[in-house]
Amino acid sequence: LAKTTQPISMDSYEGQEVNITCSHNNIATNDYITWYQQFPSQGPRFIIQGYKTKVTNEVASLFIPADRKSSTLSLPRVSLSDTAVYYCLVGDPGISGSARQLTFGSGTQLTVLP
Amino acid sequence: GAGVSQTPSNKVTEKGKYVELRCDPISGHTALYWYRQSLGQGPEFLIYFQGTGAADDSGLPNDRFFAVRPEGSVSTLKIQRTERGDSAVYLCASSLGLGEVGDTQYFGPGTRLTVL
């Protein structure tokens with residue numbers, strides 16, 4: 001399973017765009033990149049998943065360069081309620097019969113300030 | 001619709017006791033996962049069920065930990081002879097179990113286990 005490296009913490013202000021970058025130098029060909037968000041006393045919540053280039057949904061964008069050795073989660077115009085821990089995960093979600101457990105790192109604590 | 005639910009939300013026990021933690025997955029989800037999360041760390045995989053069978057139990061730390069899912073829905077994580085080091089939040093997740101991209105795992109709120 002590919003190891004990921006993220007900043008331990010980040011601060012931002014309300015209304016700003018936040019970019020959290022994750023390094024995954026040994027990503028495998030079949031691996032996808034997935035981001036989860038976790039609030040205190042709650043389970044992680046899926047945000048976005050991608051393989052290459054750019055993926056966008058209603059809450060975030062995910063940018064993946066051609067070499068796929070890193071990825072950047074972009075949160076537009078954050079609010080106080082976006083304060084949470086964000087996890088970057090790398091793995092192959094599709095091998096039938098194989099273990100599909102998620103391997104979490106320590107995550108990035110994002111704090112949004114007023 | 002209803003999400004993944006876990007009971008109890010909190011469990012305090014004494015060292016050496018036996019505990020059971022329950023997970024009710026989202027209806028129709030064939031895959032179920034158990035994770036353990038210690039303070040300040042990301043969740044750590046314990047075991048994965050596809051239907052009634054444990055497809056991967058490589059994350060269980062030792063033979064004091066056991067999980068079942070007899071009817072392919074509700075799952076129970078059982079911990080025997082609890083130790084203080086077992087104190088953590090135990091998270092359950094479920095997914096459709098399609099085995100393909102987009103098979104998102106949905107997590108429950110967790111059970112906070114404290115072993116005194």
# chains A, B, ... in the order shown; residues from 1 in each chain; ligands from 1
call {"tool": "interface_residues", "arguments": {"of": "chain B", "to": "chain A", "cutoff": "10 Å", "atoms": "only C-alpha atoms", "output": "mmCIF file with all heavy atoms, in the first residue's frame"}}
result
data_model
loop_
_atom_site.group_PDB
_atom_site.id
_atom_site.type_symbol
_atom_site.label_atom_id
_atom_site.label_comp_id
_atom_site.auth_asym_id
_atom_site.auth_seq_id
_atom_site.Cartn_x
_atom_site.Cartn_y
_atom_site.Cartn_z
ATOM 1 N N VAL B 4 -24.785 4.420 8.681
ATOM 2 C CA VAL B 4 -24.229 3.363 9.513
ATOM 3 C C VAL B 4 -24.423 3.755 10.975
ATOM 4 O O VAL B 4 -24.118 4.885 11.357
ATOM 5 C CB VAL B 4 -22.730 3.172 9.207
ATOM 6 C CG1 VAL B 4 -22.125 2.126 10.128
ATOM 7 C CG2 VAL B 4 -22.530 2.802 7.739
ATOM 8 N N SER B 9 -22.518 4.100 21.986
ATOM 9 C CA SER B 9 -21.664 5.213 21.555
ATOM 10 C C SER B 9 -20.440 5.312 22.463
ATOM 11 O O SER B 9 -19.370 5.713 22.017
ATOM 12 C CB SER B 9 -22.438 6.527 21.562
ATOM 13 O OG SER B 9 -23.009 6.756 22.829
ATOM 14 N N ALA B 31 -20.455 -5.068 1.866
ATOM 15 C CA ALA B 31 -19.122 -4.977 2.463
ATOM 16 C C ALA B 31 -19.195 -4.209 3.779
ATOM 17 O O ALA B 31 -19.899 -3.203 3.885
ATOM 18 C CB ALA B 31 -18.159 -4.290 1.508
ATOM 19 N N LEU B 32 -18.469 -4.700 4.771
ATOM 20 C CA LEU B 32 -18.440 -4.064 6.087
ATOM 21 C C LEU B 32 -17.013 -4.097 6.618
ATOM 22 O O LEU B 32 -16.305 -5.102 6.471
ATOM 23 C CB LEU B 32 -19.397 -4.789 7.038
ATOM 24 C CG LEU B 32 -19.580 -4.170 8.433
ATOM 25 C CD1 LEU B 32 -21.020 -4.374 8.929
ATOM 26 C CD2 LEU B 32 -18.590 -4.715 9.434
ATOM 27 N N TYR B 33 -16.606 -3.004 7.217
ATOM 28 C CA TYR B 33 -15.238 -2.844 7.691
ATOM 29 C C TYR B 33 -15.245 -2.390 9.146
ATOM 30 O O TYR B 33 -16.095 -1.595 9.548
ATOM 31 C CB TYR B 33 -14.501 -1.778 6.877
ATOM 32 C CG TYR B 33 -14.543 -1.959 5.377
ATOM 33 C CD1 TYR B 33 -15.689 -1.661 4.655
ATOM 34 C CD2 TYR B 33 -13.427 -2.411 4.687
ATOM 35 C CE1 TYR B 33 -15.720 -1.815 3.277
ATOM 36 C CE2 TYR B 33 -13.449 -2.560 3.305
ATOM 37 C CZ TYR B 33 -14.607 -2.265 2.613
ATOM 38 O OH TYR B 33 -14.638 -2.421 1.257
ATOM 39 N N TRP B 34 -14.256 -2.842 9.881
ATOM 40 C CA TRP B 34 -13.994 -2.323 11.222
ATOM 41 C C TRP B 34 -12.619 -1.657 11.227
ATOM 42 O O TRP B 34 -11.637 -2.210 10.674
ATOM 43 C CB TRP B 34 -14.011 -3.430 12.270
ATOM 44 C CG TRP B 34 -15.366 -3.919 12.662
ATOM 45 C CD1 TRP B 34 -16.027 -5.019 12.188
ATOM 46 C CD2 TRP B 34 -16.239 -3.333 13.629
ATOM 47 N NE1 TRP B 34 -17.244 -5.152 12.805
ATOM 48 C CE2 TRP B 34 -17.404 -4.131 13.692
ATOM 49 C CE3 TRP B 34 -16.153 -2.214 14.465
ATOM 50 C CZ2 TRP B 34 -18.477 -3.841 14.559
ATOM 51 C CZ3 TRP B 34 -17.213 -1.934 15.314
ATOM 52 C CH2 TRP B 34 -18.356 -2.743 15.354
ATOM 53 N N TYR B 35 -12.556 -0.486 11.868
ATOM 54 C CA TYR B 35 -11.315 0.247 12.053
ATOM 55 C C TYR B 35 -11.208 0.639 13.526
ATOM 56 O O TYR B 35 -12.195 0.709 14.241
ATOM 57 C CB TYR B 35 -11.286 1.537 11.218
ATOM 58 C CG TYR B 35 -11.304 1.347 9.721
ATOM 59 C CD1 TYR B 35 -12.494 1.123 9.043
ATOM 60 C CD2 TYR B 35 -10.131 1.417 8.984
ATOM 61 C CE1 TYR B 35 -12.513 0.955 7.668
ATOM 62 C CE2 TYR B 35 -10.132 1.262 7.604
ATOM 63 C CZ TYR B 35 -11.334 1.033 6.952
ATOM 64 O OH TYR B 35 -11.340 0.869 5.585
ATOM 65 N N GLN B 37 -9.376 3.736 15.946
ATOM 66 C CA GLN B 37 -8.715 5.030 15.875
ATOM 67 C C GLN B 37 -8.281 5.475 17.262
ATOM 68 O O GLN B 37 -9.125 5.668 18.146
ATOM 69 C CB GLN B 37 -9.632 6.079 15.237
ATOM 70 C CG GLN B 37 -8.956 7.417 15.011
ATOM 71 C CD GLN B 37 -9.794 8.362 14.177
ATOM 72 O OE1 GLN B 37 -11.018 8.276 14.144
ATOM 73 N NE2 GLN B 37 -9.140 9.280 13.472
ATOM 74 N N GLY B 40 -5.475 11.313 17.955
ATOM 75 C CA GLY B 40 -4.468 11.978 17.135
ATOM 76 C C GLY B 40 -3.960 11.171 15.958
ATOM 77 O O GLY B 40 -3.071 11.619 15.230
ATOM 78 N N GLN B 41 -4.543 9.995 15.739
ATOM 79 C CA GLN B 41 -4.108 9.144 14.638
ATOM 80 C C GLN B 41 -5.256 8.916 13.662
ATOM 81 O O GLN B 41 -6.419 9.103 14.008
ATOM 82 C CB GLN B 41 -3.632 7.785 15.170
ATOM 83 C CG GLN B 41 -2.493 7.864 16.166
ATOM 84 C CD GLN B 41 -1.240 8.434 15.546
ATOM 85 O OE1 GLN B 41 -0.866 8.065 14.428
ATOM 86 N NE2 GLN B 41 -0.578 9.325 16.250
ATOM 87 N N GLY B 42 -4.911 8.489 12.458
ATOM 88 C CA GLY B 42 -5.937 8.100 11.518
ATOM 89 C C GLY B 42 -6.473 6.727 11.864
ATOM 90 O O GLY B 42 -5.847 5.979 12.615
ATOM 91 N N PRO B 43 -7.628 6.380 11.337
ATOM 92 C CA PRO B 43 -8.179 5.050 11.590
ATOM 93 C C PRO B 43 -7.249 3.958 11.074
ATOM 94 O O PRO B 43 -6.601 4.105 10.047
ATOM 95 C CB PRO B 43 -9.496 5.067 10.807
ATOM 96 C CG PRO B 43 -9.855 6.509 10.704
ATOM 97 C CD PRO B 43 -8.552 7.224 10.567
ATOM 98 N N GLU B 44 -7.241 2.843 11.805
ATOM 99 C CA GLU B 44 -6.403 1.697 11.479
ATOM 100 C C GLU B 44 -7.309 0.508 11.172
ATOM 101 O O GLU B 44 -8.184 0.169 11.960
ATOM 102 C CB GLU B 44 -5.518 1.392 12.691
ATOM 103 C CG GLU B 44 -4.746 0.093 12.642
ATOM 104 C CD GLU B 44 -4.170 -0.272 14.002
ATOM 105 O OE1 GLU B 44 -4.523 0.399 15.000
ATOM 106 O OE2 GLU B 44 -3.404 -1.232 14.078
ATOM 107 N N PHE B 45 -7.103 -0.091 10.022
ATOM 108 C CA PHE B 45 -7.937 -1.207 9.584
ATOM 109 C C PHE B 45 -7.828 -2.408 10.517
ATOM 110 O O PHE B 45 -6.736 -2.771 10.959
ATOM 111 C CB PHE B 45 -7.509 -1.620 8.179
ATOM 112 C CG PHE B 45 -8.094 -2.921 7.698
ATOM 113 C CD1 PHE B 45 -9.405 -2.984 7.253
ATOM 114 C CD2 PHE B 45 -7.339 -4.083 7.703
ATOM 115 C CE1 PHE B 45 -9.942 -4.175 6.803
ATOM 116 C CE2 PHE B 45 -7.874 -5.277 7.256
ATOM 117 C CZ PHE B 45 -9.172 -5.328 6.803
ATOM 118 N N LEU B 46 -8.966 -3.041 10.790
ATOM 119 C CA LEU B 46 -8.986 -4.261 11.587
ATOM 120 C C LEU B 46 -9.426 -5.471 10.758
ATOM 121 O O LEU B 46 -8.717 -6.461 10.644
ATOM 122 C CB LEU B 46 -9.931 -4.104 12.785
ATOM 123 C CG LEU B 46 -9.555 -3.053 13.826
ATOM 124 C CD1 LEU B 46 -10.637 -2.973 14.892
ATOM 125 C CD2 LEU B 46 -8.206 -3.369 14.453
ATOM 126 N N ILE B 47 -10.624 -5.384 10.166
ATOM 127 C CA ILE B 47 -11.187 -6.543 9.484
ATOM 128 C C ILE B 47 -12.203 -6.098 8.450
ATOM 129 O O ILE B 47 -12.818 -5.040 8.597
ATOM 130 C CB ILE B 47 -11.836 -7.510 10.503
ATOM 131 C CG1 ILE B 47 -12.302 -8.818 9.845
ATOM 132 C CG2 ILE B 47 -13.002 -6.844 11.239
ATOM 133 C CD1 ILE B 47 -12.709 -9.896 10.857
ATOM 134 N N TYR B 48 -12.357 -6.891 7.412
ATOM 135 C CA TYR B 48 -13.264 -6.581 6.303
ATOM 136 C C TYR B 48 -14.120 -7.805 6.007
ATOM 137 O O TYR B 48 -13.602 -8.909 5.877
ATOM 138 C CB TYR B 48 -12.428 -6.163 5.093
ATOM 139 C CG TYR B 48 -13.023 -6.397 3.729
ATOM 140 C CD1 TYR B 48 -14.228 -5.806 3.359
ATOM 141 C CD2 TYR B 48 -12.362 -7.181 2.795
ATOM 142 C CE1 TYR B 48 -14.754 -6.009 2.099
ATOM 143 C CE2 TYR B 48 -12.879 -7.387 1.527
ATOM 144 C CZ TYR B 48 -14.067 -6.799 1.176
ATOM 145 O OH TYR B 48 -14.587 -6.995 -0.065
ATOM 146 N N PHE B 49 -15.428 -7.610 5.922
ATOM 147 C CA PHE B 49 -16.382 -8.653 5.567
ATOM 148 C C PHE B 49 -16.951 -8.387 4.180
ATOM 149 O O PHE B 49 -17.300 -7.259 3.849
ATOM 150 C CB PHE B 49 -17.569 -8.676 6.551
ATOM 151 C CG PHE B 49 -17.239 -9.218 7.905
ATOM 152 C CD1 PHE B 49 -16.784 -8.385 8.911
ATOM 153 C CD2 PHE B 49 -17.397 -10.564 8.184
ATOM 154 C CE1 PHE B 49 -16.491 -8.878 10.171
ATOM 155 C CE2 PHE B 49 -17.111 -11.073 9.439
ATOM 156 C CZ PHE B 49 -16.654 -10.228 10.436
ATOM 157 N N GLN B 50 -17.074 -9.438 3.406
ATOM 158 C CA GLN B 50 -17.861 -9.404 2.177
ATOM 159 C C GLN B 50 -18.982 -10.421 2.404
ATOM 160 O O GLN B 50 -18.739 -11.625 2.381
ATOM 161 C CB GLN B 50 -17.015 -9.751 0.957
ATOM 162 C CG GLN B 50 -17.780 -9.699 -0.341
ATOM 163 C CD GLN B 50 -18.357 -8.327 -0.627
ATOM 164 O OE1 GLN B 50 -17.692 -7.307 -0.521
ATOM 165 N NE2 GLN B 50 -19.620 -8.296 -0.995
ATOM 166 N N ALA B 55 -13.312 -11.501 4.709
ATOM 167 C CA ALA B 55 -12.427 -11.595 3.559
ATOM 168 C C ALA B 55 -10.990 -11.245 3.913
ATOM 169 O O ALA B 55 -10.058 -11.688 3.255
ATOM 170 C CB ALA B 55 -12.927 -10.693 2.439
ATOM 171 N N ASP B 56 -10.814 -10.448 4.946
ATOM 172 C CA ASP B 56 -9.470 -10.037 5.348
ATOM 173 C C ASP B 56 -9.513 -9.652 6.821
ATOM 174 O O ASP B 56 -10.179 -8.679 7.166
ATOM 175 C CB ASP B 56 -8.992 -8.864 4.502
ATOM 176 C CG ASP B 56 -7.574 -8.431 4.829
ATOM 177 O OD1 ASP B 56 -6.976 -8.939 5.793
ATOM 178 O OD2 ASP B 56 -7.055 -7.558 4.103
ATOM 179 N N ASP B 57 -8.842 -10.422 7.656
ATOM 180 C CA ASP B 57 -8.787 -10.092 9.084
ATOM 181 C C ASP B 57 -7.359 -9.788 9.506
ATOM 182 O O ASP B 57 -7.008 -9.920 10.683
ATOM 183 C CB ASP B 57 -9.379 -11.216 9.932
ATOM 184 C CG ASP B 57 -8.589 -12.521 9.821
ATOM 185 O OD1 ASP B 57 -7.610 -12.552 9.057
ATOM 186 O OD2 ASP B 57 -8.965 -13.491 10.495
ATOM 187 N N SER B 58 -6.544 -9.365 8.552
ATOM 188 C CA SER B 58 -5.123 -9.165 8.818
ATOM 189 C C SER B 58 -4.838 -8.025 9.783
ATOM 190 O O SER B 58 -3.749 -7.939 10.327
ATOM 191 C CB SER B 58 -4.380 -8.907 7.500
ATOM 192 O OG SER B 58 -4.855 -7.732 6.875
ATOM 193 N N GLY B 59 -5.822 -7.157 9.999
ATOM 194 C CA GLY B 59 -5.606 -6.031 10.889
ATOM 195 C C GLY B 59 -5.921 -6.297 12.344
ATOM 196 O O GLY B 59 -5.595 -5.470 13.210
ATOM 197 N N VAL B 89 -11.371 4.640 19.733
ATOM 198 C CA VAL B 89 -12.675 4.701 19.075
ATOM 199 C C VAL B 89 -12.702 3.615 18.005
ATOM 200 O O VAL B 89 -11.797 3.534 17.168
ATOM 201 C CB VAL B 89 -12.912 6.082 18.437
ATOM 202 C CG1 VAL B 89 -14.215 6.071 17.641
ATOM 203 C CG2 VAL B 89 -12.946 7.168 19.501
ATOM 204 N N TYR B 90 -13.717 2.790 18.044
ATOM 205 C CA TYR B 90 -13.870 1.706 17.072
ATOM 206 C C TYR B 90 -14.901 2.141 16.036
ATOM 207 O O TYR B 90 -16.058 2.394 16.354
ATOM 208 C CB TYR B 90 -14.254 0.409 17.775
ATOM 209 C CG TYR B 90 -13.085 -0.142 18.562
ATOM 210 C CD1 TYR B 90 -12.794 0.359 19.831
ATOM 211 C CD2 TYR B 90 -12.251 -1.111 18.023
ATOM 212 C CE1 TYR B 90 -11.687 -0.110 20.548
ATOM 213 C CE2 TYR B 90 -11.155 -1.581 18.731
ATOM 214 C CZ TYR B 90 -10.876 -1.068 19.989
ATOM 215 O OH TYR B 90 -9.778 -1.527 20.681
ATOM 216 N N LEU B 91 -14.452 2.234 14.793
ATOM 217 C CA LEU B 91 -15.283 2.717 13.697
ATOM 218 C C LEU B 91 -15.708 1.556 12.807
ATOM 219 O O LEU B 91 -14.922 0.657 12.535
ATOM 220 C CB LEU B 91 -14.510 3.721 12.850
ATOM 221 C CG LEU B 91 -14.141 5.052 13.517
ATOM 222 C CD1 LEU B 91 -13.045 5.740 12.737
ATOM 223 C CD2 LEU B 91 -15.354 5.951 13.625
ATOM 224 N N CYS B 92 -16.935 1.641 12.355
ATOM 225 C CA CYS B 92 -17.448 0.673 11.393
ATOM 226 C C CYS B 92 -17.781 1.422 10.110
ATOM 227 O O CYS B 92 -18.229 2.580 10.155
ATOM 228 C CB CYS B 92 -18.695 0.000 11.956
ATOM 229 S SG CYS B 92 -19.532 -1.126 10.827
ATOM 230 N N ALA B 93 -17.551 0.803 8.977
ATOM 231 C CA ALA B 93 -17.911 1.388 7.687
ATOM 232 C C ALA B 93 -18.560 0.322 6.825
ATOM 233 O O ALA B 93 -18.313 -0.873 7.009
ATOM 234 C CB ALA B 93 -16.685 1.958 6.988
ATOM 235 N N GLY B 97 -19.863 -2.854 -1.951
ATOM 236 C CA GLY B 97 -19.092 -4.062 -2.160
ATOM 237 C C GLY B 97 -18.982 -4.446 -3.619
ATOM 238 O O GLY B 97 -18.843 -5.610 -3.951
ATOM 239 N N LEU B 98 -19.027 -3.408 -4.463
ATOM 240 C CA LEU B 98 -19.000 -3.675 -5.900
ATOM 241 C C LEU B 98 -17.610 -4.067 -6.379
ATOM 242 O O LEU B 98 -17.472 -4.632 -7.447
ATOM 243 C CB LEU B 98 -19.473 -2.446 -6.671
ATOM 244 C CG LEU B 98 -20.901 -1.991 -6.380
ATOM 245 C CD1 LEU B 98 -21.182 -0.684 -7.115
ATOM 246 C CD2 LEU B 98 -21.890 -3.068 -6.797
ATOM 247 N N GLY B 99 -16.611 -3.713 -5.613
ATOM 248 C CA GLY B 99 -15.257 -4.026 -6.025
ATOM 249 C C GLY B 99 -14.787 -3.185 -7.192
ATOM 250 O O GLY B 99 -14.077 -3.653 -8.065
ATOM 251 N N GLU B 100 -15.197 -1.939 -7.227
ATOM 252 C CA GLU B 100 -14.775 -1.084 -8.329
ATOM 253 C C GLU B 100 -14.668 0.351 -7.842
ATOM 254 O O GLU B 100 -15.088 0.683 -6.733
ATOM 255 C CB GLU B 100 -15.785 -1.164 -9.477
ATOM 256 C CG GLU B 100 -17.195 -0.749 -9.071
ATOM 257 C CD GLU B 100 -18.221 -1.020 -10.175
ATOM 258 O OE1 GLU B 100 -18.150 -2.092 -10.771
ATOM 259 O OE2 GLU B 100 -19.061 -0.156 -10.411
ATOM 260 N N VAL B 101 -14.148 1.185 -8.680
ATOM 261 C CA VAL B 101 -14.032 2.600 -8.355
ATOM 262 C C VAL B 101 -15.410 3.152 -8.021
ATOM 263 O O VAL B 101 -16.390 2.839 -8.688
ATOM 264 C CB VAL B 101 -13.426 3.372 -9.541
ATOM 265 C CG1 VAL B 101 -13.444 4.872 -9.274
ATOM 266 C CG2 VAL B 101 -12.017 2.892 -9.801
ATOM 267 N N GLY B 102 -15.455 3.962 -7.022
ATOM 268 C CA GLY B 102 -16.722 4.534 -6.602
ATOM 269 C C GLY B 102 -17.392 3.748 -5.507
ATOM 270 O O GLY B 102 -18.464 4.138 -5.040
ATOM 271 N N ASP B 103 -16.793 2.649 -5.085
ATOM 272 C CA ASP B 103 -17.356 1.861 -3.983
ATOM 273 C C ASP B 103 -16.984 2.537 -2.680
ATOM 274 O O ASP B 103 -16.160 2.053 -1.931
ATOM 275 C CB ASP B 103 -16.819 0.433 -4.052
ATOM 276 C CG ASP B 103 -17.533 -0.485 -3.077
ATOM 277 O OD1 ASP B 103 -18.665 -0.145 -2.682
ATOM 278 O OD2 ASP B 103 -16.966 -1.524 -2.707
ATOM 279 N N THR B 104 -17.646 3.643 -2.410
ATOM 280 C CA THR B 104 -17.302 4.488 -1.280
ATOM 281 C C THR B 104 -17.656 3.838 0.036
ATOM 282 O O THR B 104 -18.723 3.220 0.171
ATOM 283 C CB THR B 104 -18.054 5.818 -1.407
ATOM 284 O OG1 THR B 104 -17.740 6.414 -2.659
ATOM 285 C CG2 THR B 104 -17.686 6.768 -0.277
ATOM 286 N N GLN B 105 -16.772 3.978 1.012
ATOM 287 C CA GLN B 105 -17.045 3.503 2.359
ATOM 288 C C GLN B 105 -17.728 4.609 3.151
ATOM 289 O O GLN B 105 -17.269 5.742 3.168
ATOM 290 C CB GLN B 105 -15.759 3.074 3.046
ATOM 291 C CG GLN B 105 -15.130 1.835 2.422
ATOM 292 C CD GLN B 105 -13.973 1.287 3.212
ATOM 293 O OE1 GLN B 105 -13.831 1.509 4.400
ATOM 294 N NE2 GLN B 105 -13.115 0.534 2.522
ATOM 295 N N TYR B 106 -18.817 4.260 3.816
ATOM 296 C CA TYR B 106 -19.565 5.175 4.664
ATOM 297 C C TYR B 106 -19.349 4.757 6.112
ATOM 298 O O TYR B 106 -19.602 3.610 6.469
ATOM 299 C CB TYR B 106 -21.059 5.149 4.319
ATOM 300 C CG TYR B 106 -21.345 5.651 2.934
ATOM 301 C CD1 TYR B 106 -21.298 4.788 1.840
ATOM 302 C CD2 TYR B 106 -21.648 6.988 2.700
ATOM 303 C CE1 TYR B 106 -21.543 5.237 0.546
ATOM 304 C CE2 TYR B 106 -21.904 7.449 1.415
ATOM 305 C CZ TYR B 106 -21.838 6.571 0.349
ATOM 306 O OH TYR B 106 -22.076 7.031 -0.915
ATOM 307 N N PHE B 107 -18.893 5.716 6.901
ATOM 308 C CA PHE B 107 -18.517 5.407 8.278
ATOM 309 C C PHE B 107 -19.631 5.729 9.259
ATOM 310 O O PHE B 107 -20.401 6.675 9.068
ATOM 311 C CB PHE B 107 -17.276 6.204 8.677
ATOM 312 C CG PHE B 107 -16.001 5.660 8.108
ATOM 313 C CD1 PHE B 107 -15.627 5.933 6.806
ATOM 314 C CD2 PHE B 107 -15.165 4.877 8.885
ATOM 315 C CE1 PHE B 107 -14.448 5.431 6.277
ATOM 316 C CE2 PHE B 107 -13.978 4.368 8.377
ATOM 317 C CZ PHE B 107 -13.622 4.652 7.057
ATOM 318 N N GLY B 108 -19.677 4.961 10.326
ATOM 319 C CA GLY B 108 -20.533 5.273 11.451
ATOM 320 C C GLY B 108 -19.843 6.242 12.394
ATOM 321 O O GLY B 108 -18.679 6.607 12.171
ATOM 322 N N PRO B 109 -20.519 6.651 13.465
ATOM 323 C CA PRO B 109 -19.959 7.632 14.398
ATOM 324 C C PRO B 109 -18.926 7.044 15.342
ATOM 325 O O PRO B 109 -18.195 7.784 16.004
ATOM 326 C CB PRO B 109 -21.176 8.126 15.163
ATOM 327 C CG PRO B 109 -22.113 6.963 15.120
ATOM 328 C CD PRO B 109 -21.908 6.311 13.793
ATOM 329 N N GLY B 110 -18.869 5.711 15.400
ATOM 330 C CA GLY B 110 -17.877 5.076 16.255
ATOM 331 C C GLY B 110 -18.387 4.764 17.640
ATOM 332 O O GLY B 110 -19.380 5.317 18.115
ATOM 333 N N THR B 111 -17.694 3.839 18.286
ATOM 334 C CA THR B 111 -17.901 3.525 19.707
ATOM 335 C C THR B 111 -16.606 3.847 20.434
ATOM 336 O O THR B 111 -15.545 3.328 20.082
ATOM 337 C CB THR B 111 -18.226 2.037 19.924
ATOM 338 O OG1 THR B 111 -19.493 1.727 19.351
ATOM 339 C CG2 THR B 111 -18.246 1.716 21.421
ATOM 340 N N ARG B 112 -16.720 4.723 21.425
ATOM 341 C CA ARG B 112 -15.531 5.060 22.214
ATOM 342 C C ARG B 112 -15.411 4.044 23.343
ATOM 343 O O ARG B 112 -16.254 3.998 24.230
ATOM 344 C CB ARG B 112 -15.629 6.472 22.774
ATOM 345 C CG ARG B 112 -14.410 6.874 23.606
ATOM 346 C CD ARG B 112 -14.497 8.334 24.047
ATOM 347 N NE ARG B 112 -14.536 9.240 22.918
ATOM 348 C CZ ARG B 112 -13.479 9.643 22.225
ATOM 349 N NH1 ARG B 112 -12.262 9.216 22.583
ATOM 350 N NH2 ARG B 112 -13.606 10.477 21.229
#
call {"tool": "residues_around", "arguments": {"residues": "Asp11 (chain A)", "least_positions_apart": "2", "cutoff": "8 Å", "atoms": "only C-alpha atoms", "output": "list in words"}}
result
Ser9, Tyr13, Leu110, Thr111, Val112 and Leu113 of chain A
call {"tool": "select_by_dssp", "arguments": {"residues": "region 11-111 of chain A", "states": "strand (DSSP E)", "output": "ChimeraX atom specification"}}
result
/A:11-13,18-23,32-38,45-50,53-56,61-64,70-75,84-91,108-111
call {"tool": "residues_around", "arguments": {"residues": "Gly72 (chain B)", "least_positions_apart": "2", "cutoff": "10 Å", "atoms": "only C-alpha atoms", "output": "VMD selection string"}}
result
chain B and resid 25 28 to 32 49 to 53 68 to 70 74 to 75
call {"tool": "write_last_selection", "arguments": {"atoms": "C-alpha atoms", "output": "PDB file, in the first residue's frame"}}
result
ATOM      1  CA  PRO B  25     -24.522  -1.056   8.118  1.00  0.00           C
ATOM      2  CA  GLY B  28     -28.036  -3.335   0.952  1.00  0.00           C
ATOM      3  CA  HIS B  29     -24.317  -2.859   1.619  1.00  0.00           C
ATOM      4  CA  THR B  30     -22.546  -6.189   1.321  1.00  0.00           C
ATOM      5  CA  ALA B  31     -19.122  -4.977   2.463  1.00  0.00           C
ATOM      6  CA  LEU B  32     -18.440  -4.064   6.087  1.00  0.00           C
ATOM      7  CA  PHE B  49     -16.382  -8.653   5.567  1.00  0.00           C
ATOM      8  CA  GLN B  50     -17.861  -9.404   2.177  1.00  0.00           C
ATOM      9  CA  GLY B  51     -21.268 -10.826   3.002  1.00  0.00           C
ATOM     10  CA  THR B  52     -21.048 -13.174   5.949  1.00  0.00           C
ATOM     11  CA  GLY B  53     -17.399 -14.086   5.553  1.00  0.00           C
ATOM     12  CA  VAL B  68     -18.798 -11.865  13.215  1.00  0.00           C
ATOM     13  CA  ARG B  69     -21.465 -11.033  10.678  1.00  0.00           C
ATOM     14  CA  PRO B  70     -23.714 -14.100  10.738  1.00  0.00           C
ATOM     15  CA  VAL B  74     -25.215  -6.525  11.433  1.00  0.00           C
ATOM     16  CA  SER B  75     -21.699  -7.145  12.690  1.00  0.00           C
TER      17      SER B  75
END
call {"tool": "residues_around", "arguments": {"residues": "Ile79 (chain B)", "least_positions_apart": "3", "cutoff": "7 Å", "atoms": "only C-alpha atoms", "output": "list in words"}}
result
Tyr18, Val19, Glu20, Arg64, Phe65, Phe66 and Thr82 of chain B
call {"tool": "residues_around", "arguments": {"residues": "Ile20 (chain A)", "least_positions_apart": "3", "cutoff": "7 Å", "atoms": "only C-alpha atoms", "output": "list in words"}}
result
Thr72, Leu73 and Ser74 of chain A
